Amino acid sequence: MTSKLNRRRFLKAGAGVAAASALAAPHIANAQAQGTTWKIQTSWPGGAGLQIFKDWCATIVEKTGGELAFEPFGANDVVGDFQLFDAVKNGVLDAVNPFTIYAQGIIPAATFLTSYPLGLRNPHEWDVFFYGLGGLEIARELYSAQGMHYVGPVHHGPNIIHSKVPIRSIDDFRGRKMRLPGGMVAEVFTEIGAETTVLPGSEIFPALEKGTIDVADYVGPAVNYALGFSQVTKYISMGPPGFMSLYQPVDLMDITVSQSSWNALSDQMKQFVEMETHVYSDLHHAKIQKADQEAWAKFEADGTEVTRLTQDDVELMTEVAVPIWFKYANRDKDSARVFKIQLDYMTSGSLGYVSPELLEGHELDL
């Protein structure tokens, strides 16, 4: 009878996964007494992103009838952003919601499990890669070797650039001290003349305020406004119309769980967490975009000027990016096989982002 009751609770929860309601403390206490509570930390340091994450976490206990609860933490609450994966592997955290790019230090192929400069350019293209072209299976294989389980990607939106000086073409990045998340993105900007430095999101504001950097890439308008970027910069640089970010029009986070915490779940609850990751990705993406619309008026009121680069800049940046794509793809066999799937997609009739001429002289070490 108990098993049937739990199954009915699970199915009822699955039918109403989009509901997000605040939970009273007795519900949470009851869940912790009856089931499992995961400590889960996000990379969001504040703003809309952090609130959306916390709201979603608060729904889990009710949806599972107390079998599973998520205890949410913001960036740096338990460990620093660049220590998230160590914390999962060591059992300090059960799960994380990081920017996937942060995994590239332990999984080189993770560079291609998230947006990279001028690669796949729309959220649905990444869904095709993960859920249609085998990307999810490869990600789980690579994370499993590190003692972690990759549940699935989480969309949030483009990255934009804040600057103390106007950026009107890619030439204007030359000589600028620029914050970037590292890896391929930093290398592309270094190639066009920027002096790049790697900082977690929580350290961008003080670095801009002190003048340690004068240009910073980070996420979208809503979160960046909440972090105070309009107080320390005068300009936002974007791609051509319809292309919010020249270099990263899509950015991905994910849900990653320690292998031991994942293995402790029932098959039914594993399926639930997978479904909830889809729900979170959809809600997260939509709510971030809504908050972004509201943030533009705030930036305008603060006197921030938006500058746009051109389609010519997109094409020039693509030319810069292609050889760097191949350099990173050829670092190991896993990177090459992941990138090959995406390259075939980008050169296909479906997308056509990359011409045969741009690929001349480049080969993948498969």
# chains A, B, ... in the order shown; residues from 1 in each chain; ligands from 1
>>> residues_around(residues="stretch 326-339 of chain A", least_positions_apart="2", cutoff="12 Å", atoms="only C-alpha atoms", output="JSON, numbers by chain")
{"A": [104, 107, 108, 109, 110, 111, 112, 113, 114, 115, 116, 119, 120, 129, 130, 133, 134, 135, 136, 137, 138, 139, 141, 142, 143, 183, 184, 185, 187, 188, 320, 321, 322, 323, 324, 341, 342, 343, 344, 345, 346, 358, 359, 360, 361, 362, 363, 364, 365, 366]}
>>> residues_around(residues="A:Ser230", least_positions_apart="5", cutoff="7 Å", atoms="only C-alpha atoms", output="list in words")
Tyr225, Phe299, Asp302 and Thr304 of chain A
>>> write_last_selection(atoms="all heavy atoms", output="PDB file, in the first residue's frame")
ATOM      1  N   TYR A 225      22.430  43.722 -13.571  1.00  0.00           N
ATOM      2  CA  TYR A 225      21.944  44.946 -12.930  1.00  0.00           C
ATOM      3  C   TYR A 225      21.858  44.759 -11.417  1.00  0.00           C
ATOM      4  O   TYR A 225      22.262  45.635 -10.641  1.00  0.00           O
ATOM      5  CB  TYR A 225      20.581  45.369 -13.483  1.00  0.00           C
ATOM      6  CG  TYR A 225      20.166  46.730 -12.972  1.00  0.00           C
ATOM      7  CD1 TYR A 225      20.612  47.882 -13.615  1.00  0.00           C
ATOM      8  CD2 TYR A 225      19.382  46.869 -11.829  1.00  0.00           C
ATOM      9  CE1 TYR A 225      20.279  49.145 -13.131  1.00  0.00           C
ATOM     10  CE2 TYR A 225      19.046  48.130 -11.343  1.00  0.00           C
ATOM     11  CZ  TYR A 225      19.496  49.258 -11.995  1.00  0.00           C
ATOM     12  OH  TYR A 225      19.172  50.497 -11.499  1.00  0.00           O
ATOM     13  N   PHE A 299      18.763  50.057 -16.729  1.00  0.00           N
ATOM     14  CA  PHE A 299      20.069  50.483 -17.243  1.00  0.00           C
ATOM     15  C   PHE A 299      19.950  51.841 -17.941  1.00  0.00           C
ATOM     16  O   PHE A 299      20.802  52.718 -17.777  1.00  0.00           O
ATOM     17  CB  PHE A 299      20.625  49.440 -18.222  1.00  0.00           C
ATOM     18  CG  PHE A 299      21.351  48.302 -17.568  1.00  0.00           C
ATOM     19  CD1 PHE A 299      20.832  47.016 -17.606  1.00  0.00           C
ATOM     20  CD2 PHE A 299      22.560  48.506 -16.923  1.00  0.00           C
ATOM     21  CE1 PHE A 299      21.500  45.960 -17.008  1.00  0.00           C
ATOM     22  CE2 PHE A 299      23.238  47.463 -16.324  1.00  0.00           C
ATOM     23  CZ  PHE A 299      22.707  46.177 -16.362  1.00  0.00           C
ATOM     24  N   ASP A 302      19.815  54.644 -15.566  1.00  0.00           N
ATOM     25  CA  ASP A 302      21.112  54.899 -14.948  1.00  0.00           C
ATOM     26  C   ASP A 302      22.104  55.535 -15.913  1.00  0.00           C
ATOM     27  O   ASP A 302      23.254  55.803 -15.541  1.00  0.00           O
ATOM     28  CB  ASP A 302      21.700  53.590 -14.406  1.00  0.00           C
ATOM     29  CG  ASP A 302      20.997  53.123 -13.143  1.00  0.00           C
ATOM     30  OD1 ASP A 302      20.123  53.848 -12.643  1.00  0.00           O
ATOM     31  OD2 ASP A 302      21.323  52.011 -12.647  1.00  0.00           O
ATOM     32  N   THR A 304      23.224  54.124 -18.831  1.00  0.00           N
ATOM     33  CA  THR A 304      24.050  53.161 -19.559  1.00  0.00           C
ATOM     34  C   THR A 304      23.754  53.230 -21.052  1.00  0.00           C
ATOM     35  O   THR A 304      22.593  53.265 -21.470  1.00  0.00           O
ATOM     36  CB  THR A 304      23.779  51.729 -19.062  1.00  0.00           C
ATOM     37  OG1 THR A 304      24.062  51.660 -17.667  1.00  0.00           O
ATOM     38  CG2 THR A 304      24.647  50.718 -19.799  1.00  0.00           C
TER      39      THR A 304
END
>>> residues_around(residues="A:Gly220", least_positions_apart="6", cutoff="9 Å", atoms="only C-alpha atoms", output="list in words")
His156, Gly157, Pro158, Asn159, Ile160, Ile161, Ile288, Gln289 and Asp292 of chain A
>>> closest_residue(among="A:Pro123, A:Pro153, A:Gly74, A:Gly35", to="A:Ile255", atoms="only C-alpha atoms")
A:Pro153
>>> select_by_dssp(residues="stretch 174-340 of chain A", states="strand (DSSP E or B)", output="PyMOL selection string")
chain A and resi 177-180+195-198+215-218+235-238+252-258+305-308
>>> write_last_selection(atoms="N, CA, C and O atoms", output="CSV table (one decimal), in the first residue's frame")
chain,number,residue,atom,x,y,z
A,177,LYS,N,41.6,45.6,-20.3
A,177,LYS,CA,41.7,44.6,-19.3
A,177,LYS,C,40.3,44.0,-19.1
A,177,LYS,O,39.4,44.7,-18.7
A,178,MET,N,40.2,42.7,-19.4
A,178,MET,CA,38.9,42.1,-19.6
A,178,MET,C,38.7,40.9,-18.7
A,178,MET,O,39.5,39.9,-18.8
A,179,ARG,N,37.6,40.8,-18.0
A,179,ARG,CA,37.3,39.6,-17.2
A,179,ARG,C,36.5,38.6,-18.1
A,179,ARG,O,35.6,39.0,-18.8
A,180,LEU,N,37.0,37.4,-18.1
A,180,LEU,CA,36.3,36.3,-18.9
A,180,LEU,C,36.4,35.0,-18.0
A,180,LEU,O,37.2,34.9,-17.0
A,195,GLU,N,43.5,42.0,-22.9
A,195,GLU,CA,44.3,41.5,-21.8
A,195,GLU,C,43.4,40.8,-20.8
A,195,GLU,O,42.7,41.5,-20.0
A,196,THR,N,43.3,39.5,-20.9
A,196,THR,CA,42.2,38.8,-20.2
A,196,THR,C,42.6,38.3,-18.8
A,196,THR,O,43.8,38.0,-18.6
A,197,THR,N,41.7,38.2,-17.9
A,197,THR,CA,41.9,37.7,-16.6
A,197,THR,C,40.7,36.8,-16.2
A,197,THR,O,39.5,37.1,-16.7
A,198,VAL,N,40.9,35.8,-15.5
A,198,VAL,CA,39.8,34.9,-15.1
A,198,VAL,C,39.3,35.2,-13.7
A,198,VAL,O,40.2,35.2,-12.7
A,215,VAL,N,36.7,46.0,-18.6
A,215,VAL,CA,35.7,45.3,-19.4
A,215,VAL,C,35.4,44.0,-18.7
A,215,VAL,O,36.3,43.3,-18.2
A,216,ALA,N,34.1,43.6,-18.7
A,216,ALA,CA,33.8,42.3,-18.1
A,216,ALA,C,32.6,41.6,-18.8
A,216,ALA,O,31.6,42.3,-19.2
A,217,ASP,N,32.8,40.4,-19.2
A,217,ASP,CA,31.7,39.6,-19.6
A,217,ASP,C,31.0,38.9,-18.4
A,217,ASP,O,31.7,38.5,-17.5
A,218,TYR,N,29.7,38.9,-18.4
A,218,TYR,CA,29.0,38.1,-17.5
A,218,TYR,C,27.7,37.7,-18.1
A,218,TYR,O,27.6,37.7,-19.3
A,235,TYR,N,28.8,51.4,-20.3
A,235,TYR,CA,28.4,50.9,-21.6
A,235,TYR,C,28.1,49.4,-21.5
A,235,TYR,O,28.7,48.6,-20.7
A,236,ILE,N,27.2,48.9,-22.4
A,236,ILE,CA,27.0,47.5,-22.6
A,236,ILE,C,27.2,47.3,-24.1
A,236,ILE,O,26.7,48.0,-25.0
A,237,SER,N,28.1,46.3,-24.4
A,237,SER,CA,28.4,45.9,-25.8
A,237,SER,C,27.7,44.6,-26.2
A,237,SER,O,27.7,43.6,-25.5
A,238,MET,N,26.9,44.7,-27.3
A,238,MET,CA,26.2,43.5,-27.8
A,238,MET,C,26.5,43.2,-29.2
A,238,MET,O,27.1,44.0,-29.9
A,252,LEU,N,25.2,28.0,-20.9
A,252,LEU,CA,24.6,26.8,-20.3
A,252,LEU,C,25.1,26.6,-18.8
A,252,LEU,O,26.3,26.8,-18.6
A,253,MET,N,24.2,26.3,-18.0
A,253,MET,CA,24.5,25.7,-16.7
A,253,MET,C,24.1,24.3,-16.7
A,253,MET,O,23.7,23.7,-17.8
A,254,ASP,N,24.1,23.6,-15.6
A,254,ASP,CA,23.6,22.2,-15.6
A,254,ASP,C,23.3,21.8,-14.1
A,254,ASP,O,23.5,22.6,-13.2
A,255,ILE,N,22.8,20.6,-14.0
A,255,ILE,CA,22.6,20.0,-12.7
A,255,ILE,C,23.5,18.8,-12.6
A,255,ILE,O,23.4,17.9,-13.5
A,256,THR,N,24.4,18.8,-11.7
A,256,THR,CA,25.4,17.7,-11.5
A,256,THR,C,25.3,17.2,-10.1
A,256,THR,O,25.2,18.0,-9.2
A,257,VAL,N,25.3,15.9,-9.9
A,257,VAL,CA,25.1,15.2,-8.6
A,257,VAL,C,26.3,14.3,-8.3
A,257,VAL,O,26.8,13.7,-9.3
A,258,SER,N,26.6,14.2,-7.1
A,258,SER,CA,27.6,13.2,-6.7
A,258,SER,C,27.1,11.8,-7.1
A,258,SER,O,25.9,11.5,-6.9
A,305,GLU,N,24.8,53.3,-21.9
A,305,GLU,CA,24.6,53.3,-23.3
A,305,GLU,C,24.9,51.9,-23.9
A,305,GLU,O,25.9,51.2,-23.6
A,306,VAL,N,24.0,51.4,-24.8
A,306,VAL,CA,24.2,50.1,-25.4
A,306,VAL,C,24.8,50.4,-26.8
A,306,VAL,O,24.3,51.2,-27.6
A,307,THR,N,25.9,49.7,-27.1
A,307,THR,CA,26.5,49.7,-28.4
A,307,THR,C,26.4,48.4,-29.0
A,307,THR,O,26.4,47.3,-28.3
A,308,ARG,N,26.3,48.3,-30.3
A,308,ARG,CA,26.1,47.0,-31.0
A,308,ARG,C,27.3,46.9,-32.1
A,308,ARG,O,27.6,47.8,-32.8
>>> residues_around(residues="A:Met317", least_positions_apart="2", cutoff="10 Å", atoms="only C-alpha atoms", output="PyMOL selection string")
chain A and resi 117-118+170+188-189+191-192+246-247+311-315+319-322
>>> write_last_selection(atoms="all heavy atoms", output="compact mmCIF listing (two decimals), in the first residue's frame")
# COMPACT_ATOMS: atom_id res chain seq x y z
N PRO A 117 32.67 30.35 -28.19
CA PRO A 117 32.54 31.47 -29.12
C PRO A 117 32.12 31.06 -30.53
O PRO A 117 32.80 30.27 -31.19
CB PRO A 117 33.94 32.08 -29.12
CG PRO A 117 34.50 31.73 -27.79
CD PRO A 117 33.96 30.36 -27.50
N LEU A 118 30.99 31.57 -30.95
CA LEU A 118 30.44 31.41 -32.30
C LEU A 118 30.13 29.96 -32.65
O LEU A 118 30.03 29.60 -33.83
CB LEU A 118 31.39 32.02 -33.35
CG LEU A 118 31.39 33.54 -33.49
CD1 LEU A 118 30.01 34.09 -33.79
CD2 LEU A 118 31.98 34.23 -32.30
N ILE A 170 35.24 44.98 -32.91
CA ILE A 170 36.13 44.07 -32.18
C ILE A 170 37.52 44.68 -32.00
O ILE A 170 38.26 44.28 -31.10
CB ILE A 170 36.22 42.67 -32.84
CG1 ILE A 170 36.79 42.76 -34.26
CG2 ILE A 170 34.87 41.99 -32.83
CD1 ILE A 170 37.05 41.38 -34.86
N VAL A 188 40.03 33.48 -27.42
CA VAL A 188 39.52 34.22 -28.58
C VAL A 188 39.73 35.72 -28.37
O VAL A 188 40.19 36.43 -29.26
CB VAL A 188 38.04 33.90 -28.84
CG1 VAL A 188 37.44 34.90 -29.83
CG2 VAL A 188 37.90 32.48 -29.38
N PHE A 189 39.41 36.20 -27.17
CA PHE A 189 39.56 37.64 -26.91
C PHE A 189 41.03 38.03 -26.80
O PHE A 189 41.40 39.16 -27.17
CB PHE A 189 38.77 38.04 -25.67
CG PHE A 189 37.32 38.30 -25.95
CD1 PHE A 189 36.39 37.29 -25.84
CD2 PHE A 189 36.90 39.55 -26.37
CE1 PHE A 189 35.05 37.51 -26.13
CE2 PHE A 189 35.57 39.80 -26.67
CZ PHE A 189 34.63 38.76 -26.55
N GLU A 191 43.28 36.73 -28.63
CA GLU A 191 43.70 36.76 -30.04
C GLU A 191 43.35 38.09 -30.70
O GLU A 191 44.08 38.55 -31.60
CB GLU A 191 43.03 35.60 -30.79
CG GLU A 191 43.47 35.42 -32.22
CD GLU A 191 44.92 34.94 -32.35
OE1 GLU A 191 45.46 34.38 -31.37
OE2 GLU A 191 45.51 35.15 -33.43
N ILE A 192 42.26 38.73 -30.25
CA ILE A 192 41.90 40.02 -30.85
C ILE A 192 42.46 41.20 -30.05
O ILE A 192 42.11 42.35 -30.31
CB ILE A 192 40.37 40.16 -31.04
CG1 ILE A 192 39.64 40.14 -29.71
CG2 ILE A 192 39.86 39.09 -31.99
CD1 ILE A 192 38.14 40.42 -29.85
N LEU A 246 27.90 38.76 -29.13
CA LEU A 246 28.71 38.44 -30.29
C LEU A 246 29.37 37.07 -30.16
O LEU A 246 29.49 36.33 -31.12
CB LEU A 246 29.79 39.51 -30.47
CG LEU A 246 30.77 39.30 -31.63
CD1 LEU A 246 30.05 39.49 -32.95
CD2 LEU A 246 31.93 40.28 -31.53
N TYR A 247 29.78 36.74 -28.97
CA TYR A 247 30.63 35.56 -28.79
C TYR A 247 29.92 34.43 -28.04
O TYR A 247 30.34 33.28 -28.12
CB TYR A 247 31.88 35.95 -27.97
CG TYR A 247 31.52 36.42 -26.59
CD1 TYR A 247 31.68 35.60 -25.50
CD2 TYR A 247 30.97 37.68 -26.39
CE1 TYR A 247 31.31 36.01 -24.24
CE2 TYR A 247 30.61 38.11 -25.15
CZ TYR A 247 30.77 37.28 -24.07
OH TYR A 247 30.39 37.68 -22.82
N GLN A 311 27.37 42.54 -38.23
CA GLN A 311 27.49 41.20 -38.80
C GLN A 311 28.90 40.95 -39.31
O GLN A 311 29.40 39.82 -39.26
CB GLN A 311 26.47 41.03 -39.94
CG GLN A 311 26.39 39.60 -40.49
CD GLN A 311 26.00 38.59 -39.44
OE1 GLN A 311 25.15 38.86 -38.59
NE2 GLN A 311 26.61 37.41 -39.49
N ASP A 312 29.57 41.98 -39.77
CA ASP A 312 30.97 41.83 -40.18
C ASP A 312 31.82 41.39 -38.99
O ASP A 312 32.74 40.57 -39.15
CB ASP A 312 31.51 43.16 -40.73
CG ASP A 312 30.96 43.48 -42.11
OD1 ASP A 312 30.44 42.56 -42.77
OD2 ASP A 312 31.06 44.66 -42.53
N ASP A 313 31.53 41.95 -37.81
CA ASP A 313 32.27 41.54 -36.61
C ASP A 313 32.00 40.07 -36.29
O ASP A 313 32.90 39.34 -35.83
CB ASP A 313 31.88 42.41 -35.42
CG ASP A 313 32.41 43.83 -35.54
OD1 ASP A 313 33.59 44.00 -35.86
OD2 ASP A 313 31.62 44.77 -35.33
N VAL A 314 30.76 39.62 -36.49
CA VAL A 314 30.43 38.21 -36.28
C VAL A 314 31.29 37.32 -37.19
O VAL A 314 31.87 36.32 -36.75
CB VAL A 314 28.94 37.94 -36.54
CG1 VAL A 314 28.64 36.44 -36.49
CG2 VAL A 314 28.07 38.67 -35.52
N GLU A 315 31.38 37.70 -38.45
CA GLU A 315 32.15 36.90 -39.40
C GLU A 315 33.64 36.92 -39.08
O GLU A 315 34.33 35.90 -39.18
CB GLU A 315 31.88 37.40 -40.82
CG GLU A 315 30.43 37.16 -41.26
CD GLU A 315 30.08 37.81 -42.57
OE1 GLU A 315 31.02 38.33 -43.25
OE2 GLU A 315 28.90 37.81 -42.95
N GLU A 319 36.07 33.71 -37.89
CA GLU A 319 37.36 33.37 -38.48
C GLU A 319 38.43 33.19 -37.40
O GLU A 319 39.29 32.30 -37.49
CB GLU A 319 37.80 34.44 -39.47
CG GLU A 319 36.95 34.50 -40.73
CD GLU A 319 37.42 35.59 -41.69
OE1 GLU A 319 38.59 36.03 -41.55
OE2 GLU A 319 36.64 36.00 -42.55
N VAL A 320 38.37 34.04 -36.39
CA VAL A 320 39.32 33.92 -35.27
C VAL A 320 39.04 32.66 -34.47
O VAL A 320 39.97 31.97 -34.02
CB VAL A 320 39.22 35.16 -34.36
CG1 VAL A 320 40.04 34.96 -33.08
CG2 VAL A 320 39.70 36.40 -35.10
N ALA A 321 37.76 32.34 -34.31
CA ALA A 321 37.37 31.24 -33.43
C ALA A 321 37.66 29.86 -34.00
O ALA A 321 38.03 28.94 -33.25
CB ALA A 321 35.89 31.35 -33.09
N VAL A 322 37.51 29.67 -35.31
CA VAL A 322 37.59 28.32 -35.89
C VAL A 322 38.90 27.60 -35.56
O VAL A 322 38.88 26.46 -35.08
CB VAL A 322 37.34 28.37 -37.41
CG1 VAL A 322 37.73 27.04 -38.06
CG2 VAL A 322 35.87 28.67 -37.69
>>> decode(residues="stretch 226-252 of chain A", atoms="N, CA and C atoms", output="mmCIF file, in the first residue's frame")
data_model
loop_
_atom_site.group_PDB
_atom_site.id
_atom_site.type_symbol
_atom_site.label_atom_id
_atom_site.label_comp_id
_atom_site.auth_asym_id
_atom_site.auth_seq_id
_atom_site.Cartn_x
_atom_site.Cartn_y
_atom_site.Cartn_z
ATOM 1 N N ALA A 226 21.341 43.604 -11.001
ATOM 2 C CA ALA A 226 21.224 43.322 -9.568
ATOM 3 C C ALA A 226 22.588 43.296 -8.892
ATOM 4 N N LEU A 227 23.619 42.939 -9.643
ATOM 5 C CA LEU A 227 24.974 42.899 -9.093
ATOM 6 C C LEU A 227 25.646 44.276 -9.112
ATOM 7 N N GLY A 228 24.942 45.277 -9.629
ATOM 8 C CA GLY A 228 25.444 46.645 -9.540
ATOM 9 C C GLY A 228 26.357 47.093 -10.659
ATOM 10 N N PHE A 229 26.352 46.385 -11.792
ATOM 11 C CA PHE A 229 27.309 46.715 -12.845
ATOM 12 C C PHE A 229 27.087 48.114 -13.427
ATOM 13 N N SER A 230 25.846 48.623 -13.380
ATOM 14 C CA SER A 230 25.605 49.971 -13.922
ATOM 15 C C SER A 230 26.257 51.048 -13.062
ATOM 16 N N GLN A 231 26.630 50.686 -11.847
ATOM 17 C CA GLN A 231 27.280 51.642 -10.959
ATOM 18 C C GLN A 231 28.761 51.817 -11.279
ATOM 19 N N VAL A 232 29.342 50.831 -11.971
ATOM 20 C CA VAL A 232 30.789 50.861 -12.194
ATOM 21 C C VAL A 232 31.168 50.799 -13.674
ATOM 22 N N THR A 233 30.172 50.774 -14.574
ATOM 23 C CA THR A 233 30.439 50.827 -16.019
ATOM 24 C C THR A 233 29.425 51.755 -16.678
ATOM 25 N N LYS A 234 29.759 52.233 -17.880
ATOM 26 C CA LYS A 234 28.884 53.155 -18.599
ATOM 27 C C LYS A 234 28.295 52.545 -19.869
ATOM 28 N N TYR A 235 28.836 51.408 -20.306
ATOM 29 C CA TYR A 235 28.449 50.869 -21.600
ATOM 30 C C TYR A 235 28.145 49.376 -21.522
ATOM 31 N N ILE A 236 27.241 48.935 -22.394
ATOM 32 C CA ILE A 236 26.992 47.520 -22.636
ATOM 33 C C ILE A 236 27.233 47.274 -24.119
ATOM 34 N N SER A 237 28.056 46.269 -24.420
ATOM 35 C CA SER A 237 28.361 45.934 -25.808
ATOM 36 C C SER A 237 27.652 44.630 -26.172
ATOM 37 N N MET A 238 26.941 44.655 -27.320
ATOM 38 C CA MET A 238 26.188 43.490 -27.757
ATOM 39 C C MET A 238 26.477 43.212 -29.230
ATOM 40 N N GLY A 239 25.966 42.088 -29.718
ATOM 41 C CA GLY A 239 26.098 41.749 -31.116
ATOM 42 C C GLY A 239 25.106 42.536 -31.954
ATOM 43 N N PRO A 240 24.998 42.211 -33.254
ATOM 44 C CA PRO A 240 24.033 42.900 -34.113
ATOM 45 C C PRO A 240 22.600 42.593 -33.678
ATOM 46 N N PRO A 241 21.612 43.328 -34.160
ATOM 47 C CA PRO A 241 20.227 43.096 -33.757
ATOM 48 C C PRO A 241 19.836 41.617 -33.856
ATOM 49 N N GLY A 242 19.169 41.136 -32.800
ATOM 50 C CA GLY A 242 18.783 39.735 -32.746
ATOM 51 C C GLY A 242 19.882 38.820 -32.247
ATOM 52 N N PHE A 243 21.041 39.393 -31.907
ATOM 53 C CA PHE A 243 22.221 38.611 -31.520
ATOM 54 C C PHE A 243 22.801 39.302 -30.289
ATOM 55 N N MET A 244 22.203 39.023 -29.114
ATOM 56 C CA MET A 244 22.570 39.781 -27.921
ATOM 57 C C MET A 244 24.054 39.736 -27.617
ATOM 58 N N SER A 245 24.672 38.610 -27.886
ATOM 59 C CA SER A 245 26.087 38.453 -27.574
ATOM 60 C C SER A 245 26.842 38.038 -28.820
ATOM 61 N N LEU A 246 27.898 38.762 -29.128
ATOM 62 C CA LEU A 246 28.713 38.438 -30.294
ATOM 63 C C LEU A 246 29.366 37.074 -30.162
ATOM 64 N N TYR A 247 29.775 36.736 -28.970
ATOM 65 C CA TYR A 247 30.629 35.563 -28.786
ATOM 66 C C TYR A 247 29.922 34.427 -28.041
ATOM 67 N N GLN A 248 28.865 34.731 -27.306
ATOM 68 C CA GLN A 248 28.231 33.690 -26.506
ATOM 69 C C GLN A 248 26.724 33.965 -26.394
ATOM 70 N N PRO A 249 25.993 33.801 -27.525
ATOM 71 C CA PRO A 249 24.561 34.095 -27.513
ATOM 72 C C PRO A 249 23.737 33.089 -26.723
ATOM 73 N N VAL A 250 24.368 32.000 -26.337
ATOM 74 C CA VAL A 250 23.745 31.008 -25.452
ATOM 75 C C VAL A 250 24.761 30.680 -24.375
ATOM 76 N N ASP A 251 24.314 30.521 -23.159
ATOM 77 C CA ASP A 251 25.212 30.031 -22.122
ATOM 78 C C ASP A 251 24.472 28.937 -21.358
ATOM 79 N N LEU A 252 25.209 27.951 -20.916
ATOM 80 C CA LEU A 252 24.587 26.801 -20.263
ATOM 81 C C LEU A 252 25.102 26.603 -18.849
#
